[in-house]
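**Q** The structure file entry_25.txt (compact mmCIF, C-alpha atoms and all ligand atoms) is provided below.
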```
# COMPACT_ATOMS: atom_id res chain seq x y z
CA MET A 1 -53.10 -208.85 201.99
CA ASN A 2 -51.92 -206.47 204.72
CA GLN A 3 -54.89 -204.63 206.23
CA LEU A 4 -57.12 -203.85 209.20
CA ILE A 5 -60.22 -206.04 209.13
CA CYS A 6 -63.53 -206.15 211.01
CA LYS A 7 -64.68 -209.73 211.50
CA GLU A 8 -68.24 -208.53 212.26
CA CYS A 9 -69.11 -206.57 209.10
CA LYS A 10 -66.11 -207.62 206.95
CA ALA A 11 -65.03 -204.01 206.33
CA THR A 12 -61.33 -203.55 205.63
CA TYR A 13 -59.10 -200.49 206.07
CA SER A 14 -55.50 -199.62 205.25
CA LEU A 15 -52.92 -200.32 207.95
CA ASN A 16 -52.18 -196.60 207.68
CA ALA A 17 -55.72 -195.54 208.56
CA PRO A 18 -55.55 -193.67 211.89
CA ARG A 19 -58.37 -195.67 213.44
CA TRP A 20 -58.78 -198.04 216.38
CA LYS A 21 -62.27 -199.43 215.67
CA CYS A 22 -64.54 -200.20 212.74
CA ASP A 23 -67.21 -197.80 211.49
CA CYS A 24 -69.74 -200.40 212.65
CA GLY A 25 -68.38 -200.01 216.20
CA SER A 26 -66.65 -203.39 216.44
CA ILE A 27 -63.04 -204.24 217.20
CA LEU A 28 -60.52 -204.49 214.37
CA ASP A 29 -57.92 -207.15 213.71
CA ILE A 30 -54.81 -207.07 211.55
CA GLU A 31 -54.05 -209.30 208.61
CA PHE A 32 -50.34 -209.24 207.94
CA GLU A 33 -48.06 -211.50 205.93
CA SER A 34 -45.31 -212.11 208.47
CA VAL A 35 -41.98 -213.37 207.17
CA PHE A 36 -39.50 -215.35 209.26
CA ASP A 37 -35.92 -215.79 208.04
CA LEU A 38 -34.46 -217.87 210.85
CA GLU A 39 -30.84 -217.31 209.79
CA LYS A 40 -31.28 -213.53 209.78
CA ILE A 41 -33.18 -213.60 213.08
CA LYS A 42 -30.42 -215.59 214.79
CA LYS A 43 -27.79 -212.95 213.94
CA ARG A 44 -29.76 -209.99 215.30
CA LYS A 45 -29.74 -208.33 218.72
CA PRO A 46 -31.66 -210.27 221.41
CA THR A 47 -34.73 -208.02 221.44
CA MET A 48 -38.34 -208.51 220.36
CA TRP A 49 -37.53 -206.52 217.19
CA ARG A 50 -35.35 -209.37 215.85
CA TYR A 51 -38.59 -210.60 214.20
CA ARG A 52 -38.61 -207.37 212.20
CA GLU A 53 -40.29 -208.76 209.07
CA ALA A 54 -43.18 -210.03 211.19
CA ILE A 55 -44.00 -206.62 212.69
CA PRO A 56 -46.22 -204.29 210.64
CA ILE A 57 -44.22 -201.07 210.92
CA GLN A 58 -43.08 -199.81 207.54
CA ASP A 59 -40.10 -197.62 208.26
CA ASP A 60 -37.32 -198.58 210.70
CA ALA A 61 -36.99 -194.87 211.56
CA ASN A 62 -40.37 -195.06 213.30
CA ILE A 63 -39.44 -197.87 215.68
CA VAL A 64 -39.76 -196.77 219.32
CA SER A 65 -37.72 -199.22 221.37
CA PHE A 66 -35.60 -199.58 224.50
CA ASP A 67 -34.07 -202.82 223.10
CA GLU A 68 -36.73 -204.69 225.06
CA GLY A 69 -37.64 -208.36 224.91
CA PHE A 70 -35.99 -211.74 224.48
CA THR A 71 -36.60 -212.20 228.20
CA PRO A 72 -35.15 -215.27 229.94
CA LEU A 73 -37.12 -218.53 229.77
CA THR A 74 -36.14 -219.99 233.11
CA GLU A 75 -36.90 -223.39 234.61
CA VAL A 76 -38.75 -223.21 237.93
CA ASN A 77 -39.42 -226.41 239.83
CA PHE A 78 -42.90 -227.16 241.25
CA ASP A 79 -42.62 -230.31 243.42
CA GLY A 80 -40.40 -232.05 240.90
CA LYS A 81 -42.19 -230.77 237.81
CA PRO A 82 -40.15 -228.24 235.80
CA ILE A 83 -42.10 -225.33 234.31
CA LEU A 84 -40.42 -222.90 231.95
CA ILE A 85 -41.22 -219.36 233.02
CA LYS A 86 -40.82 -216.40 230.70
CA GLN A 87 -39.55 -213.56 232.88
CA ASP A 88 -41.56 -210.74 231.34
CA HIS A 89 -41.53 -208.82 234.62
CA LEU A 90 -37.99 -207.82 233.61
CA PHE A 91 -39.12 -205.42 230.87
CA PRO A 92 -38.08 -201.72 231.09
CA THR A 93 -41.34 -200.62 232.70
CA GLY A 94 -41.70 -203.82 234.74
CA SER A 95 -44.36 -205.70 232.79
CA PHE A 96 -44.98 -207.57 229.53
CA LYS A 97 -47.07 -204.62 228.33
CA ASP A 98 -43.88 -203.10 226.86
CA ARG A 99 -44.18 -205.60 224.02
CA GLY A 100 -47.47 -204.12 222.90
CA ALA A 101 -46.53 -200.52 223.71
CA SER A 102 -43.34 -200.66 221.62
CA VAL A 103 -45.21 -201.68 218.46
CA LEU A 104 -48.31 -199.56 219.08
CA ILE A 105 -46.37 -196.36 219.78
CA SER A 106 -44.11 -197.06 216.77
CA LYS A 107 -47.32 -197.14 214.70
CA VAL A 108 -48.50 -193.91 216.35
CA LYS A 109 -45.18 -192.32 215.31
CA GLU A 110 -45.59 -193.71 211.79
CA LEU A 111 -49.05 -192.13 211.60
CA GLU A 112 -47.49 -188.81 212.69
CA THR A 113 -50.01 -188.68 215.53
CA LYS A 114 -48.97 -186.27 218.25
CA GLU A 115 -51.33 -187.18 221.09
CA VAL A 116 -52.85 -190.39 222.51
CA VAL A 117 -55.13 -191.51 225.34
CA GLU A 118 -55.20 -194.88 227.10
CA ASP A 119 -56.98 -196.45 230.08
CA SER A 120 -55.48 -199.12 232.25
CA SER A 121 -55.26 -200.77 235.63
CA GLY A 122 -51.73 -199.36 235.67
CA ASN A 123 -49.25 -201.51 233.79
CA ALA A 124 -50.38 -200.80 230.23
CA GLY A 125 -50.65 -197.12 231.18
CA SER A 126 -47.06 -197.14 232.48
CA ALA A 127 -45.83 -198.84 229.31
CA ILE A 128 -47.68 -196.50 226.93
CA SER A 129 -46.39 -193.50 228.96
CA ALA A 130 -42.77 -194.64 228.74
CA TYR A 131 -42.84 -195.24 224.99
CA CYS A 132 -44.63 -191.92 224.41
CA ALA A 133 -41.90 -190.23 226.49
CA LYS A 134 -39.25 -191.78 224.25
CA ALA A 135 -41.13 -190.78 221.07
CA GLY A 136 -42.06 -187.27 222.26
CA ILE A 137 -45.80 -187.96 221.96
CA ASP A 138 -48.32 -186.36 224.37
CA CYS A 139 -50.10 -188.93 226.43
CA SER A 140 -53.05 -188.96 228.79
CA ILE A 141 -53.75 -192.02 230.94
CA PHE A 142 -57.03 -192.87 232.70
CA VAL A 143 -56.78 -195.17 235.72
CA PRO A 144 -59.17 -196.26 238.49
CA GLU A 145 -58.72 -194.34 241.73
CA LYS A 146 -57.43 -197.38 243.59
CA VAL A 147 -54.54 -198.19 241.28
CA ALA A 148 -51.17 -199.17 242.83
CA ALA A 149 -49.01 -196.19 243.87
CA GLY A 150 -45.96 -197.54 242.03
CA LYS A 151 -47.83 -197.53 238.74
CA VAL A 152 -49.27 -194.04 239.35
CA ALA A 153 -45.77 -192.73 240.09
CA GLN A 154 -44.37 -194.28 236.92
CA ILE A 155 -47.08 -192.84 234.68
CA GLN A 156 -46.55 -189.32 236.03
CA LEU A 157 -42.77 -189.42 236.09
CA TYR A 158 -42.72 -190.53 232.44
CA GLY A 159 -44.52 -187.23 231.84
CA ALA A 160 -48.02 -188.46 231.03
CA LYS A 161 -51.15 -186.70 232.24
CA LEU A 162 -52.84 -188.85 234.87
CA ASN A 163 -56.66 -188.94 235.15
CA GLU A 164 -57.89 -190.84 238.19
CA VAL A 165 -61.50 -192.01 237.78
CA PRO A 166 -63.66 -192.82 240.83
CA GLY A 167 -65.35 -196.22 240.84
CA THR A 168 -64.56 -199.44 239.06
CA ARG A 169 -62.24 -200.37 236.18
CA GLU A 170 -65.35 -200.31 233.96
CA ASP A 171 -66.06 -196.70 235.00
CA THR A 172 -62.53 -195.84 233.85
CA ALA A 173 -63.12 -197.56 230.51
CA GLU A 174 -66.29 -195.48 230.04
CA ALA A 175 -64.59 -192.23 231.05
CA VAL A 176 -61.83 -192.67 228.49
CA LEU A 177 -64.29 -193.31 225.67
CA GLU A 178 -65.87 -189.93 226.40
CA ALA A 179 -62.42 -188.33 226.27
CA VAL A 180 -61.29 -190.04 223.07
CA GLY A 181 -62.92 -187.58 220.62
CA LYS A 182 -60.37 -186.80 217.95
CA VAL A 183 -57.40 -188.08 219.93
CA TYR A 184 -55.97 -191.48 218.92
CA TYR A 185 -56.93 -194.24 221.34
CA ALA A 186 -53.76 -196.20 222.12
CA SER A 187 -55.77 -198.90 223.84
CA HIS A 188 -54.24 -202.26 224.70
CA SER A 189 -57.76 -203.75 224.44
CA TRP A 190 -59.16 -202.11 221.32
CA ASN A 191 -56.09 -201.30 219.26
CA PRO A 192 -54.91 -204.32 217.25
CA PHE A 193 -51.34 -203.00 216.90
CA PHE A 194 -50.82 -203.80 220.59
CA LEU A 195 -51.31 -207.51 219.80
CA GLN A 196 -48.70 -207.22 217.03
CA GLY A 197 -46.23 -206.57 219.85
CA THR A 198 -47.43 -209.14 222.36
CA LYS A 199 -47.29 -211.83 219.65
CA THR A 200 -43.47 -211.68 219.94
CA PHE A 201 -43.95 -213.52 223.26
CA ALA A 202 -44.79 -216.64 221.21
CA PHE A 203 -41.92 -216.09 218.76
CA GLU A 204 -39.38 -215.83 221.57
CA ILE A 205 -40.64 -218.94 223.36
CA CYS A 206 -40.45 -221.02 220.19
CA GLU A 207 -36.98 -219.71 219.32
CA GLN A 208 -35.81 -220.43 222.89
CA LEU A 209 -37.11 -224.00 222.45
CA ASP A 210 -35.13 -224.44 219.19
CA TRP A 211 -38.13 -223.46 217.10
CA LYS A 212 -40.53 -225.89 218.69
CA ALA A 213 -43.88 -225.08 220.27
CA PRO A 214 -44.42 -226.08 223.91
CA ASP A 215 -47.26 -228.54 224.62
CA THR A 216 -49.00 -226.25 227.07
CA ILE A 217 -48.94 -222.59 227.96
CA ILE A 218 -50.44 -221.20 231.18
CA LEU A 219 -51.34 -217.50 231.02
CA PRO A 220 -53.21 -214.96 233.15
CA VAL A 221 -56.13 -213.33 231.36
CA GLY A 222 -58.12 -210.16 231.88
CA GLY A 223 -58.49 -208.25 228.61
CA GLY A 224 -56.46 -210.82 226.69
CA SER A 225 -53.63 -208.62 225.45
CA LEU A 226 -51.08 -211.34 226.22
CA LEU A 227 -53.22 -214.39 225.48
CA LEU A 228 -54.50 -213.13 222.12
CA GLY A 229 -51.07 -211.86 221.10
CA ALA A 230 -49.54 -215.24 221.96
CA TYR A 231 -52.28 -217.02 220.01
CA ILE A 232 -51.64 -214.83 216.94
CA GLY A 233 -47.89 -215.47 217.26
CA PHE A 234 -48.18 -219.25 217.49
CA ASN A 235 -50.59 -219.27 214.53
CA GLU A 236 -48.19 -217.23 212.40
CA LEU A 237 -45.37 -219.69 213.15
CA LEU A 238 -47.68 -222.61 212.36
CA ASN A 239 -48.73 -221.03 209.04
CA ALA A 240 -45.06 -220.47 208.20
CA GLU A 241 -44.49 -224.22 208.94
CA ILE A 242 -41.88 -223.36 211.58
CA ILE A 243 -43.80 -225.13 214.35
CA ASP A 244 -46.20 -228.03 213.92
CA LYS A 245 -48.87 -227.29 216.54
CA ILE A 246 -50.50 -224.62 218.70
CA PRO A 247 -49.91 -225.19 222.41
CA LYS A 248 -52.89 -225.92 224.60
CA ILE A 249 -53.76 -222.61 226.30
CA ILE A 250 -54.66 -222.72 230.00
CA ALA A 251 -56.12 -219.34 230.95
CA VAL A 252 -56.15 -218.19 234.58
CA GLN A 253 -58.74 -215.75 235.99
CA SER A 254 -59.41 -214.48 239.50
CA GLU A 255 -62.42 -216.13 241.14
CA ASN A 256 -63.66 -212.62 242.08
CA CYS A 257 -63.79 -211.49 238.46
CA ALA A 258 -64.13 -214.41 236.06
CA PRO A 259 -66.50 -213.63 233.17
CA LEU A 260 -64.42 -215.57 230.64
CA TYR A 261 -64.21 -218.65 232.86
CA LYS A 262 -68.00 -218.58 233.19
CA ALA A 263 -68.56 -218.13 229.44
CA PHE A 264 -66.22 -221.05 228.72
CA LYS A 265 -67.50 -223.45 231.36
CA GLU A 266 -71.18 -222.76 230.60
CA ASN A 267 -70.59 -222.65 226.85
CA LEU A 268 -72.28 -219.24 226.60
CA LYS A 269 -72.50 -217.37 223.28
CA GLU A 270 -71.96 -213.98 224.93
CA ILE A 271 -69.70 -212.92 227.79
CA PRO A 272 -71.98 -212.78 230.83
CA THR A 273 -72.47 -209.80 233.12
CA ILE A 274 -70.96 -210.72 236.46
CA ASN A 275 -70.98 -209.37 240.00
CA ASN A 276 -67.28 -208.81 240.37
CA LYS A 277 -65.59 -208.26 243.70
CA GLU A 278 -62.23 -206.75 244.55
CA THR A 279 -59.26 -209.03 244.07
CA LEU A 280 -55.53 -208.98 244.77
CA ALA A 281 -55.08 -209.62 241.04
CA GLU A 282 -55.93 -206.07 239.93
CA GLY A 283 -54.42 -206.53 236.45
CA ILE A 284 -56.81 -209.28 235.40
CA ALA A 285 -59.94 -207.86 237.06
CA ILE A 286 -61.73 -207.02 233.81
CA ALA A 287 -65.49 -207.57 234.09
CA LYS A 288 -66.28 -206.62 230.47
CA PRO A 289 -63.39 -207.66 228.24
CA ILE A 290 -63.77 -206.05 224.79
CA ARG A 291 -62.19 -209.07 223.09
CA GLY A 292 -63.88 -211.59 225.38
CA LYS A 293 -65.40 -213.75 222.64
CA GLN A 294 -62.07 -213.91 220.78
CA ILE A 295 -60.33 -215.04 223.97
CA VAL A 296 -62.79 -217.85 224.69
CA GLU A 297 -62.60 -218.98 221.05
CA ALA A 298 -58.77 -219.03 221.10
CA VAL A 299 -58.72 -221.17 224.26
CA LYS A 300 -61.31 -223.55 222.75
CA LYS A 301 -59.47 -223.84 219.44
CA SER A 302 -56.23 -224.65 221.27
CA ASP A 303 -58.02 -227.46 223.11
CA GLY A 304 -57.28 -225.58 226.31
CA ASN A 305 -59.12 -224.72 229.49
CA PHE A 306 -59.87 -222.01 232.07
CA ILE A 307 -58.88 -222.13 235.74
CA ILE A 308 -59.97 -219.78 238.54
CA VAL A 309 -57.96 -218.97 241.65
CA ASN A 310 -58.91 -217.16 244.84
CA ASP A 311 -57.03 -214.45 246.75
CA ASN A 312 -55.70 -216.89 249.36
CA GLU A 313 -54.22 -219.08 246.66
CA ILE A 314 -52.73 -215.98 245.00
CA LYS A 315 -51.16 -214.87 248.29
CA LYS A 316 -49.71 -218.33 248.90
CA SER A 317 -48.23 -218.46 245.40
CA LEU A 318 -46.82 -214.95 245.73
CA LYS A 319 -44.98 -215.92 248.92
CA GLU A 320 -43.81 -219.17 247.37
CA MET A 321 -42.28 -217.34 244.39
CA CYS A 322 -40.68 -214.66 246.57
CA LYS A 323 -39.09 -217.42 248.69
CA LYS A 324 -37.57 -218.77 245.49
CA GLY A 325 -36.19 -215.28 244.75
CA TYR A 326 -38.73 -214.09 242.19
CA TYR A 327 -40.33 -210.78 243.21
CA ILE A 328 -43.57 -210.60 241.24
CA GLU A 329 -46.78 -208.63 241.71
CA PRO A 330 -49.97 -210.33 242.98
CA THR A 331 -51.63 -210.36 239.52
CA SER A 332 -48.62 -212.26 238.28
CA ALA A 333 -48.85 -214.68 241.22
CA SER A 334 -52.38 -215.62 240.13
CA THR A 335 -50.75 -217.44 237.20
CA ILE A 336 -48.61 -219.41 239.62
CA ALA A 337 -51.70 -220.40 241.61
CA GLY A 338 -53.13 -221.54 238.27
CA ILE A 339 -50.03 -223.63 237.57
CA ARG A 340 -50.45 -225.31 240.96
CA LYS A 341 -54.06 -226.24 240.12
CA TYR A 342 -53.18 -227.36 236.62
CA LEU A 343 -50.40 -229.63 237.86
CA GLN A 344 -52.85 -231.56 240.04
CA LYS A 345 -54.33 -233.03 236.86
CA SER A 346 -51.70 -232.71 234.16
CA ASN A 347 -49.63 -235.13 232.17
CA PHE A 348 -46.15 -234.79 233.62
CA ASP A 349 -44.41 -235.30 230.27
CA GLU A 350 -45.75 -232.06 228.81
CA VAL A 351 -43.40 -229.20 228.01
CA THR A 352 -45.19 -226.42 229.90
CA VAL A 353 -44.45 -222.72 229.64
CA SER A 354 -45.82 -219.91 231.80
CA VAL A 355 -44.95 -216.31 232.58
CA PHE A 356 -44.15 -213.70 235.22
CA THR A 357 -46.13 -210.75 233.85
CA GLY A 358 -45.40 -207.95 236.34
CA HIS A 359 -42.70 -206.89 238.80
CA GLY A 360 -43.36 -206.89 242.55
CA LEU A 361 -41.78 -203.46 243.01
CA LYS A 362 -44.90 -201.95 241.42
CA THR A 363 -47.19 -203.03 244.24
CA THR A 364 -45.29 -202.29 247.45
CA GLU A 365 -48.49 -201.40 249.42
CA LYS A 366 -49.98 -204.82 248.70
CA MET A 367 -46.71 -206.56 249.54
CA LEU A 368 -46.54 -204.74 252.90
CA LYS A 369 -50.17 -205.58 253.62
CA ILE A 370 -49.46 -209.27 253.01
CA LEU A 371 -46.44 -209.05 255.32
CA ASN A 372 -48.51 -207.30 258.01
CA GLU A 373 -51.17 -210.01 257.88
CA ASP A 374 -48.39 -212.45 258.75
CA GLY A 375 -47.54 -210.37 261.81
CA VAL A 376 -44.36 -208.91 260.39
CA PRO A 377 -43.92 -205.41 261.90
CA LYS A 378 -44.98 -202.59 259.62
CA LEU A 379 -42.14 -200.73 257.97
CA VAL A 380 -41.95 -197.15 259.19
CA GLU A 381 -41.66 -194.44 256.54
CA LYS A 382 -38.35 -192.61 256.83
C1 LIG B 1 -49.25 -207.97 235.80
C2 LIG B 1 -50.32 -208.28 234.79
N1 LIG B 1 -50.51 -209.56 234.44
C3 LIG B 1 -51.44 -209.91 233.55
C4 LIG B 1 -52.27 -208.98 232.97
C5 LIG B 1 -53.27 -209.50 232.02
O1 LIG B 1 -53.63 -208.70 231.01
P1 LIG B 1 -54.28 -209.09 229.67
O2 LIG B 1 -55.30 -210.14 229.85
O3 LIG B 1 -54.82 -207.83 229.15
O4 LIG B 1 -53.19 -209.62 228.82
C6 LIG B 1 -52.13 -207.62 233.30
C7 LIG B 1 -52.97 -206.55 232.72
O5 LIG B 1 -52.97 -205.42 233.09
C8 LIG B 1 -51.13 -207.27 234.24
O6 LIG B 1 -50.93 -205.99 234.60
ZN ZN B 2 -67.32 -203.54 211.21
```
Can I see the file as structure tokens?

**A**
Amino acid sequence: MNQLICKECKATYSLNAPRWKCDCGSILDIEFESVFDLEKIKKRKPTMWRYREAIPIQDDANIVSFDEGFTPLTEVNFDGKPILIKQDHLFPTGSFKDRGASVLISKVKELETKEVVEDSSGNAGSAISAYCAKAGIDCSIFVPEKVAAGKVAQIQLYGAKLNEVPGTREDTAEAVLEAVGKVYYASHSWNPFFLQGTKTFAFEICEQLDWKAPDTIILPVGGGSLLLGAYIGFNELLNAEIIDKIPKIIAVQSENCAPLYKAFKENLKEIPTINNKETLAEGIAIAKPIRGKQIVEAVKKSDGNFIIVNDNEIKKSLKEMCKKGYYIEPTSASTIAGIRKYLQKSNFDEVTVSVFTGHGLKTTEKMLKILNEDGVPKLVEK
């Protein structure tokens, strides 16, 4: 049965209902009978839309796409141990969020909705803005005041209305809920259509591995839009008997904002309130993740684990990757710091996949600050 479903109160709604949450106030999920015809898929363009029959958009005419996806899965060597890294920083707007935005904004077009709002630490807001620009949909993005200049520039140049909210990321999340009213909330946290896009991350990895699942996957996690999408994707391939296992999920959080790590390690039933501090990894600094319980459950079910990393480790990993020629943003480097920690204890025969989630060009101020700390002369504005 194809439908929106609330796992709290068991209510169901049509996939064409213009709603982003249940009447009971809880998050919604999507039940969808995905179909995979491997012969057909193989012959299609190398984009995330090659899995067309697994994406719940009815009419091809509503697809909003820049031919994104099918990003390279590239081997990067960590002291003799090869890790396969999905280069999702190479998406049109510079982050993996384009996966979710492409499907979500296609759904918005299908619903004939003319206006959306979204809140973000920057990358999801940039992605939603770009796809709304392509679709001719009005878009208003709420971001915390301190968001990276590159992301703020992108959002505005794509033509979205920018609302900067003083205070924390949580203050921004509250401000947008007040603004939602009758406007459709194109949220990467609440809206389950976003996860129908990020699930293609799992499809691509398995196809790039000759339709096999990796043993382990190491992912950054804040609100879980990548981790939960990947988990849905692997499960759909398992149900279709295309792969024979779900990879173990290793989730990486920043030590300065790690509510999910704490919930997992202390086996808590609820996501705890934490005293979060600023971190270089702005994209995963989510103190109150809406889908927190789902994330912890997915990691547990995959027989996985959580790892925390501190800002020094993130900085070190960022420099290490740049020296290898990969220019990624600090949030993305937190994953690399997680890989380093994981490798200290891992079985070296595992096929391990990870990801570059965001491009370094988005966070030039932070990159310059890191350079300045090393005594490299400050670049003068021309
Ligand atoms: C660069 C980058 N990496 C990772 C994430 C993690 O996001 P999530 O847990 O929502 O998938 C984000 C979110 O904004 C991000 O911008
Ligand atoms: Zn409900």

**Q** For a cutoff of 12 Å around the file-coordinate point (-46.0, -222.3, 211.2), which residues qualify once you count all atoms listed in the file? I'd like the result as a list of chain:residue names.

**A**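 Checking each residue against the 12 Å limit leaves A:Ser34, A:Val35, A:Phe36, A:Ala202, A:Phe203, A:Cys206, A:Trp211, A:Lys212, A:Ala213, A:Ile232, A:Gly233, A:Phe234, A:Asn235, A:Glu236, A:Leu237, A:Leu238, A:Asn239, A:Ala240, A:Glu241, A:Ile242, A:Ile243, A:Asp244, A:Lys245, A:Ile246.
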
**Q** Measuring atom to atom with all atoms listed in the file, identify which of A:Gly94, A:Gly25, A:Gly181, A:Gly150 is nearest to ligand LIG 1 (chain B).

**A**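 Of all the options, A:Gly94 lies closest to ligand LIG 1 (chain B).
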
**Q** Within 12 Å of Glu297 (chain A), counting only C-alpha atoms, which residues show up once you throw out same-chain ones fewer than 2 positions away? Write them as a list in words, please.

**A**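 Residues near the query, excluding close chain neighbours: Gly224, Leu227, Leu228, Tyr231, Ile249, Ala251, Leu260, Tyr261, Ala263, Phe264, Asn267, Leu268, Lys269, Glu270, Ile271, Arg291, Gly292, Lys293, Gln294, Ile295, Val299, Lys300, Lys301, Ser302, Asp303, Gly304, Asn305 and Phe306 of chain A.
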
**Q** Between A:Ile336, A:Leu226, A:Val103, A:Ile41, which residue has the minimum interatomic distance to Glu53 (chain A), considering all atoms listed in the file?

**A** A:Ile41

**Q** At a cut-off of 7 Å around ligand LIG 1 (chain B), and using all atoms listed in the file, what residues come up? Please write them as a PyMOL selection string.

**A** chain A and resi 95+120-124+189+220-227+283-284+329+331-332+357-358

**Q** Keeping only C-alpha atoms, write the selected residues as a PDB file, in the coordinates of the input.

**A**
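This is the output file again.pdb:
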```
ATOM      1  CA  SER A  95     -44.360-205.700 232.790  1.00  0.00           C
ATOM      2  CA  SER A 120     -55.480-199.120 232.250  1.00  0.00           C
ATOM      3  CA  SER A 121     -55.260-200.770 235.630  1.00  0.00           C
ATOM      4  CA  GLY A 122     -51.730-199.360 235.670  1.00  0.00           C
ATOM      5  CA  ASN A 123     -49.250-201.510 233.790  1.00  0.00           C
ATOM      6  CA  ALA A 124     -50.380-200.800 230.230  1.00  0.00           C
ATOM      7  CA  SER A 189     -57.760-203.750 224.440  1.00  0.00           C
ATOM      8  CA  PRO A 220     -53.210-214.960 233.150  1.00  0.00           C
ATOM      9  CA  VAL A 221     -56.130-213.330 231.360  1.00  0.00           C
ATOM     10  CA  GLY A 222     -58.120-210.160 231.880  1.00  0.00           C
ATOM     11  CA  GLY A 223     -58.490-208.250 228.610  1.00  0.00           C
ATOM     12  CA  GLY A 224     -56.460-210.820 226.690  1.00  0.00           C
ATOM     13  CA  SER A 225     -53.630-208.620 225.450  1.00  0.00           C
ATOM     14  CA  LEU A 226     -51.080-211.340 226.220  1.00  0.00           C
ATOM     15  CA  LEU A 227     -53.220-214.390 225.480  1.00  0.00           C
ATOM     16  CA  GLY A 283     -54.420-206.530 236.450  1.00  0.00           C
ATOM     17  CA  ILE A 284     -56.810-209.280 235.400  1.00  0.00           C
ATOM     18  CA  GLU A 329     -46.780-208.630 241.710  1.00  0.00           C
ATOM     19  CA  THR A 331     -51.630-210.360 239.520  1.00  0.00           C
ATOM     20  CA  SER A 332     -48.620-212.260 238.280  1.00  0.00           C
ATOM     21  CA  THR A 357     -46.130-210.750 233.850  1.00  0.00           C
ATOM     22  CA  GLY A 358     -45.400-207.950 236.340  1.00  0.00           C
TER      23      GLY A 358
END
```

**Q** Return as a PyMOL selection string the residues of protein, DNA or RNA that approach ligand ZN 2 (chain B) to within 6 Å, with only C-alpha atoms and all ligand atoms taken into account.

**A** chain A and resi 6+8-9+11+22-24+26

**Q** Considering all atoms listed in the file, can you say which of A:Ala186, A:Leu4, A:Val180, A:Leu38 comes closest to Val108 (chain A)?

**A**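 Among the listed residues, the smallest separation from Val108 (chain A) belongs to A:Ala186.
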
**Q** Looking at A:Ser334, A:Tyr185, A:Lys199, A:Glu320, which one is nearest to Val252 (chain A), with distances taken over all atoms listed in the file?

**A**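 Among A:Ser334, A:Tyr185, A:Lys199, A:Glu320, it is A:Ser334 that comes nearest to Val252 (chain A).
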
**Q** Could you jot down the CA of Ala258 (chain A) to CA of Gly325 (chain A) separation for me, Å, one decimal place?

**A** 29.3 Å

**Q** Considering all atoms listed in the file, give me a table of residues in region 184-207 of chain A that are at most 10 Å from region 83-86 of chain A, with the closest atom pair and distance in Å for each, as JSON lines.

**A**
```
{"residue": "A:Phe201", "atom": "CA", "partner": "A:Lys86", "partner_atom": "CA", "distance": 8.6}
{"residue": "A:Glu204", "atom": "CA", "partner": "A:Lys86", "partner_atom": "CA", "distance": 9.3}
{"residue": "A:Ile205", "atom": "CA", "partner": "A:Lys86", "partner_atom": "CA", "distance": 7.8}
```

**Q** Could you name the residues that touch Lys107 (chain A) at 10 Å or less, counting all atoms listed in the file, but leaving out those on the same chain fewer than 4 positions away, as an mmCIF file with C-alpha atoms, keeping the file's coordinate frame?

**A**
```
data_model
loop_
_atom_site.group_PDB
_atom_site.id
_atom_site.type_symbol
_atom_site.label_atom_id
_atom_site.label_comp_id
_atom_site.auth_asym_id
_atom_site.auth_seq_id
_atom_site.Cartn_x
_atom_site.Cartn_y
_atom_site.Cartn_z
ATOM 1 C CA LEU A 15 -52.920 -200.320 207.950
ATOM 2 C CA ASN A 16 -52.180 -196.600 207.680
ATOM 3 C CA PRO A 18 -55.550 -193.670 211.890
ATOM 4 C CA PRO A 56 -46.220 -204.290 210.640
ATOM 5 C CA ILE A 57 -44.220 -201.070 210.920
ATOM 6 C CA GLN A 58 -43.080 -199.810 207.540
ATOM 7 C CA ASP A 59 -40.100 -197.620 208.260
ATOM 8 C CA ASN A 62 -40.370 -195.060 213.300
ATOM 9 C CA ILE A 63 -39.440 -197.870 215.680
ATOM 10 C CA VAL A 64 -39.760 -196.770 219.320
ATOM 11 C CA ALA A 101 -46.530 -200.520 223.710
ATOM 12 C CA SER A 102 -43.340 -200.660 221.620
ATOM 13 C CA VAL A 103 -45.210 -201.680 218.460
ATOM 14 C CA LEU A 111 -49.050 -192.130 211.600
ATOM 15 C CA GLU A 112 -47.490 -188.810 212.690
ATOM 16 C CA THR A 113 -50.010 -188.680 215.530
ATOM 17 C CA ALA A 186 -53.760 -196.200 222.120
ATOM 18 C CA PHE A 193 -51.340 -203.000 216.900
ATOM 19 C CA PHE A 194 -50.820 -203.800 220.590
#
```

**Q** Which residues come within 10 Å of Ala127 (chain A), counting all atoms listed in the file, excluding same-chain residues fewer than 4 positions away, as a list in words?

**A**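 Using all atoms listed in the file, the neighbours found are Phe91, Pro92, Thr93, Gly94, Ser95, Phe96, Lys97, Asp98, Arg99, Gly100, Ala101, Ser102, Ile105, Gly122, Asn123, Tyr131, Cys132, Ala133, Lys151, Gln154, Ile155 and Tyr158 of chain A.
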